[in-house]
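A.B. asks: So I've got this file, data_14.cif, and it contains mmCIF, C-alpha atoms:
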data_target
#
loop_
_atom_site.label_atom_id
_atom_site.label_comp_id
_atom_site.auth_asym_id
_atom_site.auth_seq_id
_atom_site.Cartn_x
_atom_site.Cartn_y
_atom_site.Cartn_z
CA MET A 1 -3.21 -8.73 17.66
CA LEU A 2 0.25 -7.26 17.17
CA GLU A 3 1.79 -10.54 18.28
CA ILE A 4 -0.24 -12.41 15.68
CA ILE A 5 0.79 -9.98 12.94
CA LEU A 6 4.45 -10.26 13.91
CA ALA A 7 4.17 -14.04 14.04
CA GLY A 8 2.91 -14.05 10.46
CA GLY A 9 6.23 -12.73 9.16
CA TRP A 10 7.02 -10.09 6.58
CA LEU A 11 4.28 -11.22 4.20
CA MET A 12 1.72 -9.80 6.61
CA ALA A 13 2.77 -6.31 5.49
CA PRO A 14 1.47 -6.62 1.88
CA ILE A 15 -1.60 -8.49 3.10
CA ILE A 16 -2.43 -5.68 5.53
CA LEU A 17 -1.79 -3.13 2.77
CA CYS A 18 -4.23 -5.03 0.54
CA SER A 19 -6.83 -5.04 3.30
CA ILE A 20 -6.55 -1.27 3.80
CA LEU A 21 -6.80 -0.65 0.07
CA SER A 22 -9.76 -3.01 -0.22
CA LEU A 23 -11.66 -1.32 2.61
CA THR A 24 -10.97 2.09 1.08
CA ILE A 25 -12.30 1.02 -2.33
CA ILE A 26 -15.37 -0.64 -0.83
CA GLY A 27 -16.24 2.48 1.15
CA GLU A 28 -15.67 4.78 -1.84
CA ARG A 29 -17.77 2.61 -4.18
CA PHE A 30 -20.63 2.41 -1.67
CA TRP A 31 -20.65 6.21 -1.67
CA ALA A 32 -20.25 6.66 -5.43
CA LEU A 33 -22.73 3.96 -6.50
CA GLN A 34 -25.71 5.18 -4.52
CA ARG A 35 -28.84 4.93 -6.63
CA LYS A 36 -29.65 8.61 -6.17
CA LYS A 37 -26.24 9.51 -7.61
CA VAL A 38 -26.49 7.20 -10.63
CA VAL A 39 -30.12 6.63 -11.62
CA PRO A 40 -32.26 8.99 -9.53
CA PRO A 41 -35.99 8.28 -9.66
CA GLY A 42 -38.23 10.58 -11.68
CA ILE A 43 -35.52 11.85 -14.02
CA GLY A 44 -37.57 10.93 -17.09
CA GLN A 45 -40.59 12.79 -15.75
CA GLN A 46 -38.37 15.78 -15.07
CA VAL A 47 -37.27 15.88 -18.71
CA GLU A 48 -40.90 15.65 -19.87
CA SER A 49 -41.86 18.44 -17.46
CA TRP A 50 -39.14 20.70 -18.85
CA ALA A 51 -40.29 19.91 -22.36
CA ALA A 52 -43.90 20.70 -21.51
CA ARG A 53 -42.85 24.08 -20.10
CA HIS A 54 -40.58 24.79 -23.07
CA GLU A 55 -37.53 24.71 -20.78
CA LEU A 56 -35.29 22.34 -22.71
CA ASP A 57 -32.60 24.96 -23.02
CA ARG A 58 -28.87 24.55 -22.50
CA ARG A 59 -29.02 25.59 -18.84
CA HIS A 60 -31.48 22.83 -17.96
CA ILE A 61 -29.61 20.27 -20.03
CA GLU A 62 -26.36 21.15 -18.25
CA GLN A 63 -28.18 20.80 -14.94
CA LEU A 64 -29.39 17.37 -16.04
CA ARG A 65 -25.85 16.39 -17.05
CA ALA A 66 -24.41 17.43 -13.69
CA ASP A 67 -27.04 15.73 -11.52
CA SER A 68 -26.31 12.05 -12.16
CA ALA A 69 -24.73 9.45 -14.42
CA MET A 70 -28.06 8.79 -16.12
CA GLY A 71 -28.50 12.53 -16.55
CA ARG A 72 -25.26 12.63 -18.55
CA VAL A 73 -26.56 9.95 -20.89
CA LEU A 74 -29.95 11.62 -21.38
CA ALA A 75 -28.30 15.02 -21.82
CA ALA A 76 -26.22 13.59 -24.66
CA ALA A 77 -29.45 12.62 -26.43
CA LEU A 78 -31.09 15.98 -25.81
CA ILE A 79 -28.09 17.98 -26.99
CA ASN A 80 -28.20 16.08 -30.28
CA ARG A 81 -32.00 15.90 -30.54
CA HIS A 82 -32.12 17.85 -33.82
CA ARG A 83 -29.84 15.34 -35.53
CA SER A 84 -30.60 11.93 -37.03
CA ARG A 85 -31.40 8.91 -34.89
CA ALA A 86 -28.03 7.35 -35.79
CA LEU A 87 -26.11 10.40 -34.59
CA ILE A 88 -28.17 10.62 -31.40
CA LYS A 89 -27.53 6.95 -30.69
CA GLU A 90 -23.81 7.35 -31.35
CA ALA A 91 -23.58 10.31 -28.95
CA VAL A 92 -25.45 8.36 -26.26
CA GLU A 93 -23.21 5.32 -26.71
CA ASP A 94 -20.04 7.41 -26.48
CA THR A 95 -21.26 9.09 -23.31
CA GLY A 96 -22.43 5.76 -21.93
CA ARG A 97 -18.97 4.22 -22.33
CA HIS A 98 -17.43 7.05 -20.31
CA VAL A 99 -20.13 6.75 -17.66
CA VAL A 100 -19.69 2.98 -17.30
CA HIS A 101 -15.93 3.42 -17.05
CA GLU A 102 -16.45 5.81 -14.13
CA LEU A 103 -18.96 3.49 -12.48
CA GLU A 104 -16.44 0.64 -12.65
CA ARG A 105 -13.65 2.79 -11.23
CA PHE A 106 -11.33 0.84 -8.89
CA LEU A 107 -13.29 -2.41 -9.38
CA ASN A 108 -10.43 -4.02 -11.30
CA THR A 109 -8.14 -3.14 -8.40
CA LEU A 110 -10.59 -4.71 -5.96
CA GLY A 111 -10.74 -7.85 -8.11
CA THR A 112 -6.94 -7.97 -8.24
CA ILE A 113 -6.77 -7.76 -4.44
CA ALA A 114 -9.26 -10.63 -4.22
CA GLY A 115 -6.99 -12.66 -6.50
CA ILE A 116 -3.54 -11.95 -5.04
CA SER A 117 -4.41 -11.99 -1.32
CA PRO A 118 -4.82 -15.78 -1.10
CA LEU A 119 -1.65 -16.16 -3.19
CA LEU A 120 0.23 -14.05 -0.66
CA GLY A 121 -1.21 -16.26 2.07
CA LEU A 122 -0.13 -19.36 0.14
CA LEU A 123 3.34 -17.93 -0.25
CA GLY A 124 3.44 -17.40 3.50
CA THR A 125 2.36 -21.00 3.98
CA VAL A 126 5.16 -22.24 1.74
CA ILE A 127 7.74 -20.09 3.53
CA GLY A 128 6.47 -21.29 6.91
CA MET A 129 6.67 -24.94 5.89
CA ILE A 130 10.18 -24.40 4.54
CA LYS A 131 11.15 -23.08 7.97
CA VAL A 132 9.56 -26.13 9.58
CA PHE A 133 11.54 -28.54 7.46
CA ALA A 134 14.69 -26.48 7.92
CA ALA A 135 14.21 -26.70 11.69
CA ILE A 136 13.66 -30.45 11.47
CA MET A 137 16.85 -30.86 9.47
CA ALA A 138 18.84 -28.71 11.88
CA HIS A 139 17.41 -29.79 15.23
CA GLY A 140 15.30 -32.85 14.58
CA VAL A 141 11.67 -33.17 15.62
CA GLY A 142 12.39 -32.63 19.28
CA ASN A 143 12.51 -28.81 19.15
CA ALA A 144 8.84 -27.92 19.40
CA ASN A 145 9.40 -24.16 19.47
CA GLN A 146 11.16 -24.17 16.11
CA LEU A 147 8.40 -26.27 14.55
CA ALA A 148 5.60 -24.21 16.09
CA GLY A 149 7.07 -20.96 14.80
CA GLY A 150 7.09 -22.13 11.19
CA ILE A 151 3.63 -23.73 11.38
CA SER A 152 2.22 -20.62 13.07
CA GLU A 153 3.59 -18.38 10.32
CA ALA A 154 2.09 -20.65 7.67
CA LEU A 155 -1.36 -20.72 9.25
CA ILE A 156 -1.50 -17.00 10.09
CA THR A 157 -0.60 -15.81 6.58
CA THR A 158 -3.07 -18.24 5.02
CA ALA A 159 -5.87 -17.08 7.30
CA ALA A 160 -4.98 -13.41 6.76
CA GLY A 161 -4.88 -13.79 2.98
CA LEU A 162 -8.27 -15.50 2.89
CA SER A 163 -9.74 -12.95 5.30
CA VAL A 164 -8.86 -10.21 2.82
CA ALA A 165 -9.70 -12.14 -0.35
CA ILE A 166 -13.19 -13.38 0.59
CA PRO A 167 -14.84 -10.00 1.35
CA SER A 168 -12.91 -8.35 -1.50
CA PHE A 169 -14.25 -10.87 -4.00
CA PHE A 170 -17.75 -10.64 -2.55
CA PHE A 171 -17.88 -6.85 -2.90
CA TYR A 172 -16.21 -7.00 -6.31
CA ARG A 173 -19.04 -9.19 -7.59
CA TYR A 174 -21.63 -7.11 -5.72
CA PHE A 175 -20.49 -3.83 -7.24
CA LYS A 176 -20.17 -5.37 -10.71
CA GLY A 177 -23.76 -6.54 -10.43
CA ARG A 178 -24.91 -3.13 -9.26
CA VAL A 179 -23.15 -1.43 -12.18
CA GLU A 180 -24.75 -3.87 -14.64
CA GLU A 181 -28.16 -3.11 -13.13
CA TYR A 182 -27.58 0.62 -13.51
CA VAL A 183 -26.38 0.18 -17.09
CA VAL A 184 -29.59 -1.66 -17.99
CA SER A 185 -31.67 1.13 -16.45
CA MET A 186 -29.73 3.81 -18.31
CA GLU A 187 -29.99 1.93 -21.61
CA GLU A 188 -33.75 1.59 -21.18
CA ALA A 189 -34.16 5.28 -20.34
CA ALA A 190 -31.95 6.33 -23.26
CA ILE A 191 -33.86 4.13 -25.73
CA ASN A 192 -37.18 5.52 -24.54
CA LEU A 193 -35.91 9.08 -24.91
CA ILE A 194 -34.49 8.45 -28.38
CA GLU A 195 -37.80 6.95 -29.50
CA ALA A 196 -39.66 9.90 -28.00
CA ILE A 197 -37.38 12.30 -29.86
CA GLU A 198 -37.91 10.42 -33.09
CA ARG A 199 -41.68 10.22 -32.75
CA GLY A 200 -42.09 13.67 -31.28
CA ASN A 201 -44.30 12.28 -28.49
CA VAL A 202 -42.76 14.48 -25.82
CA ALA A 203 -44.58 17.77 -25.96
CA GLN A 204 -42.56 20.49 -27.71
CA LEU A 205 -39.39 18.40 -27.42
CA ARG A 206 -37.84 20.20 -30.40
CA SER A 207 -38.57 23.66 -29.08
CA GLY A 208 -35.43 23.94 -26.95
CA VAL A 209 -32.22 25.67 -27.92
CA PRO A 210 -30.36 23.47 -30.43
CA GLY A 211 -27.37 21.68 -28.98
CA GLY A 212 -24.00 21.42 -30.66
#
What is this file in structure tokens?

C.D. replies:
Amino acid sequence: MLEIILAGGWLMAPIILCSILSLTIIGERFWALQRKKVVPPGIGQQVESWAARHELDRRHIEQLRADSAMGRVLAAALINRHRSRALIKEAVEDTGRHVVHELERFLNTLGTIAGISPLLGLLGTVIGMIKVFAAIMAHGVGNANQLAGGISEALITTAAGLSVAIPSFFFYRYFKGRVEEYVVSMEEAAINLIEAIERGNVAQLRSGVPGG
């Protein structure tokens, strides 16, 4: 393996760096984007249960905010539940933008890696072919070792760049899709809660401590 890396030339260094960074981001996003951390099941029923027991106080709302990303969005609605629908919706949207930004953390970097890795491989290919033609000009086509070295460098960097780019792009699209799915779930839950606040269908929803 070391021989292959060395044969690829100096461009293997940034490609390997990109691969390490990509693997780190993929692992971190798998951990951070677990469903139980973002949109845990039963969170709506939990809010209704608190309301039924007259427990929609600041302590429970802070607990809701700290539990998950969706909890932060719903907590924003509950804190502002005594205000108008427009103000509640504005608070939820503001919180939602911050939550989505956190959910998409590092994804732009992963997408950038997916884009530049094949370009680094292409650059290695160009450099390798330049060496091949330089060897032909200097020694003719009879020196097989000179030709093989340049061709090997070209092929290795191309393969390495694609090996980094393909999984990086795959997981970039995968995580973007997962974030979009979570956003839809949070929007649906927030809309339902706002409508419940407006209609007063959740038992004693307005009996909690007013939020600021």

A.B. asks: Once the PyMOL selection byres ((chain A and resi 87-93) around 9) has been evaluated on this model, what residues remain selected, and can you format them as a ChimeraX atom specification?

C.D. replies: /A:72-86,94-98,190-191,194

A.B. asks: Name all residues at most 12 Å from A:Trp10 (count only C-alpha atoms; drop same-chain ones fewer than 6 positions away) and give them as a VMD selection string.

C.D. replies: chain A and resid 4 16 to 17 120 to 121 123 to 124 127 to 128 153 to 154 156 to 157

A.B. asks: Between atom CA of A:Leu193 and atom CA of A:Ala69, what is the distance, to one decimal in Å?

C.D. replies: 15.3 Å

A.B. asks: Please expand the PyMOL selection byres ((chain A and resi 19) around 9) into the concrete residues it hits in this file, giving the result as a PDB file with C-alpha atoms, in the coordinates of the input.

C.D. replies:
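Here's the written file expr.pdb:
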ATOM      1  CA  PRO A  14       1.470  -6.620   1.880  1.00  0.00           C
ATOM      2  CA  ILE A  15      -1.600  -8.490   3.100  1.00  0.00           C
ATOM      3  CA  ILE A  16      -2.430  -5.680   5.530  1.00  0.00           C
ATOM      4  CA  LEU A  17      -1.790  -3.130   2.770  1.00  0.00           C
ATOM      5  CA  CYS A  18      -4.230  -5.030   0.540  1.00  0.00           C
ATOM      6  CA  ILE A  20      -6.550  -1.270   3.800  1.00  0.00           C
ATOM      7  CA  LEU A  21      -6.800  -0.650   0.070  1.00  0.00           C
ATOM      8  CA  SER A  22      -9.760  -3.010  -0.220  1.00  0.00           C
ATOM      9  CA  LEU A  23     -11.660  -1.320   2.610  1.00  0.00           C
ATOM     10  CA  THR A  24     -10.970   2.090   1.080  1.00  0.00           C
ATOM     11  CA  ILE A 113      -6.770  -7.760  -4.440  1.00  0.00           C
ATOM     12  CA  SER A 117      -4.410 -11.990  -1.320  1.00  0.00           C
ATOM     13  CA  GLY A 161      -4.880 -13.790   2.980  1.00  0.00           C
ATOM     14  CA  SER A 163      -9.740 -12.950   5.300  1.00  0.00           C
ATOM     15  CA  VAL A 164      -8.860 -10.210   2.820  1.00  0.00           C
ATOM     16  CA  ALA A 165      -9.700 -12.140  -0.350  1.00  0.00           C
ATOM     17  CA  SER A 168     -12.910  -8.350  -1.500  1.00  0.00           C
TER      18      SER A 168
END

A.B. asks: So the first atom is atom CA of A:Phe171 and the second is atom CA of A:Ser68; what is the distance between them in Å, to one decimal place?

C.D. replies: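 Going from atom CA of A:Phe171 over to atom CA of A:Ser68 covers 22.7 Å.
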
A.B. asks: Run through the PyMOL selection byres ((chain A and resi 179-188) around 8) on the given coordinates and return the selected residues as number ranges by chain.

C.D. replies: A: 33, 38-39, 70, 73, 100, 103-104, 175-178, 189-192

A.B. asks: In Å to one decimal, how far is atom CA of A:Gln63 from atom CA of A:Trp50?

C.D. replies: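 Separation of atom CA of A:Trp50 and atom CA of A:Gln63: 11.6 Å.
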
A.B. asks: Given 4 Å of margin on each side, can you work out the centre and size in Å (one decimal) of an axis-aligned box holding every listed atom of stretch 155-164 of chain A, as JSON?

C.D. replies:
{"center_x": -5.2, "center_y": -15.5, "center_z": 6.5, "size_x": 17.1, "size_y": 18.5, "size_z": 15.3}

A.B. asks: Please, could N, CA, C and O atoms be added to stretch 96-108 of chain A and the result written as a PDB file, keeping the file's coordinate frame?

C.D. replies:
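The resulting file, result_28.pdb, is reproduced below:
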ATOM      1  N   GLY A  96     -22.196   6.931 -22.770  1.00  0.00           N
ATOM      2  CA  GLY A  96     -22.430   5.760 -21.930  1.00  0.00           C
ATOM      3  C   GLY A  96     -21.150   5.008 -21.605  1.00  0.00           C
ATOM      4  O   GLY A  96     -20.965   4.532 -20.472  1.00  0.00           O
ATOM      5  N   ARG A  97     -20.244   4.899 -22.587  1.00  0.00           N
ATOM      6  CA  ARG A  97     -18.970   4.220 -22.330  1.00  0.00           C
ATOM      7  C   ARG A  97     -18.163   4.946 -21.264  1.00  0.00           C
ATOM      8  O   ARG A  97     -17.569   4.311 -20.381  1.00  0.00           O
ATOM      9  N   HIS A  98     -18.149   6.275 -21.328  1.00  0.00           N
ATOM     10  CA  HIS A  98     -17.430   7.050 -20.310  1.00  0.00           C
ATOM     11  C   HIS A  98     -18.085   6.887 -18.939  1.00  0.00           C
ATOM     12  O   HIS A  98     -17.394   6.763 -17.920  1.00  0.00           O
ATOM     13  N   VAL A  99     -19.406   6.886 -18.921  1.00  0.00           N
ATOM     14  CA  VAL A  99     -20.130   6.750 -17.660  1.00  0.00           C
ATOM     15  C   VAL A  99     -19.861   5.382 -17.033  1.00  0.00           C
ATOM     16  O   VAL A  99     -19.588   5.278 -15.827  1.00  0.00           O
ATOM     17  N   VAL A 100     -19.930   4.326 -17.822  1.00  0.00           N
ATOM     18  CA  VAL A 100     -19.690   2.980 -17.300  1.00  0.00           C
ATOM     19  C   VAL A 100     -18.263   2.850 -16.788  1.00  0.00           C
ATOM     20  O   VAL A 100     -18.013   2.210 -15.749  1.00  0.00           O
ATOM     21  N   HIS A 101     -17.324   3.458 -17.502  1.00  0.00           N
ATOM     22  CA  HIS A 101     -15.930   3.420 -17.050  1.00  0.00           C
ATOM     23  C   HIS A 101     -15.798   4.059 -15.670  1.00  0.00           C
ATOM     24  O   HIS A 101     -15.062   3.543 -14.803  1.00  0.00           O
ATOM     25  N   GLU A 102     -16.496   5.152 -15.436  1.00  0.00           N
ATOM     26  CA  GLU A 102     -16.450   5.810 -14.130  1.00  0.00           C
ATOM     27  C   GLU A 102     -17.153   4.969 -13.064  1.00  0.00           C
ATOM     28  O   GLU A 102     -16.703   4.918 -11.915  1.00  0.00           O
ATOM     29  N   LEU A 103     -18.251   4.323 -13.444  1.00  0.00           N
ATOM     30  CA  LEU A 103     -18.960   3.490 -12.480  1.00  0.00           C
ATOM     31  C   LEU A 103     -18.112   2.288 -12.050  1.00  0.00           C
ATOM     32  O   LEU A 103     -18.237   1.807 -10.913  1.00  0.00           O
ATOM     33  N   GLU A 104     -17.271   1.799 -12.947  1.00  0.00           N
ATOM     34  CA  GLU A 104     -16.440   0.640 -12.650  1.00  0.00           C
ATOM     35  C   GLU A 104     -15.067   1.038 -12.099  1.00  0.00           C
ATOM     36  O   GLU A 104     -14.170   0.196 -11.974  1.00  0.00           O
ATOM     37  N   ARG A 105     -14.927   2.290 -11.754  1.00  0.00           N
ATOM     38  CA  ARG A 105     -13.650   2.790 -11.230  1.00  0.00           C
ATOM     39  C   ARG A 105     -13.215   1.992 -10.003  1.00  0.00           C
ATOM     40  O   ARG A 105     -14.021   1.741  -9.096  1.00  0.00           O
ATOM     41  N   PHE A 106     -11.959   1.571  -9.983  1.00  0.00           N
ATOM     42  CA  PHE A 106     -11.330   0.840  -8.890  1.00  0.00           C
ATOM     43  C   PHE A 106     -11.800  -0.613  -8.760  1.00  0.00           C
ATOM     44  O   PHE A 106     -11.258  -1.353  -7.929  1.00  0.00           O
ATOM     45  N   LEU A 107     -12.802  -1.042  -9.538  1.00  0.00           N
ATOM     46  CA  LEU A 107     -13.290  -2.410  -9.380  1.00  0.00           C
ATOM     47  C   LEU A 107     -12.254  -3.429  -9.839  1.00  0.00           C
ATOM     48  O   LEU A 107     -12.152  -4.519  -9.258  1.00  0.00           O
ATOM     49  N   ASN A 108     -11.496  -3.108 -10.876  1.00  0.00           N
ATOM     50  CA  ASN A 108     -10.430  -4.020 -11.300  1.00  0.00           C
ATOM     51  C   ASN A 108      -9.379  -4.169 -10.203  1.00  0.00           C
ATOM     52  O   ASN A 108      -8.847  -5.269  -9.976  1.00  0.00           O
TER      53      ASN A 108
END
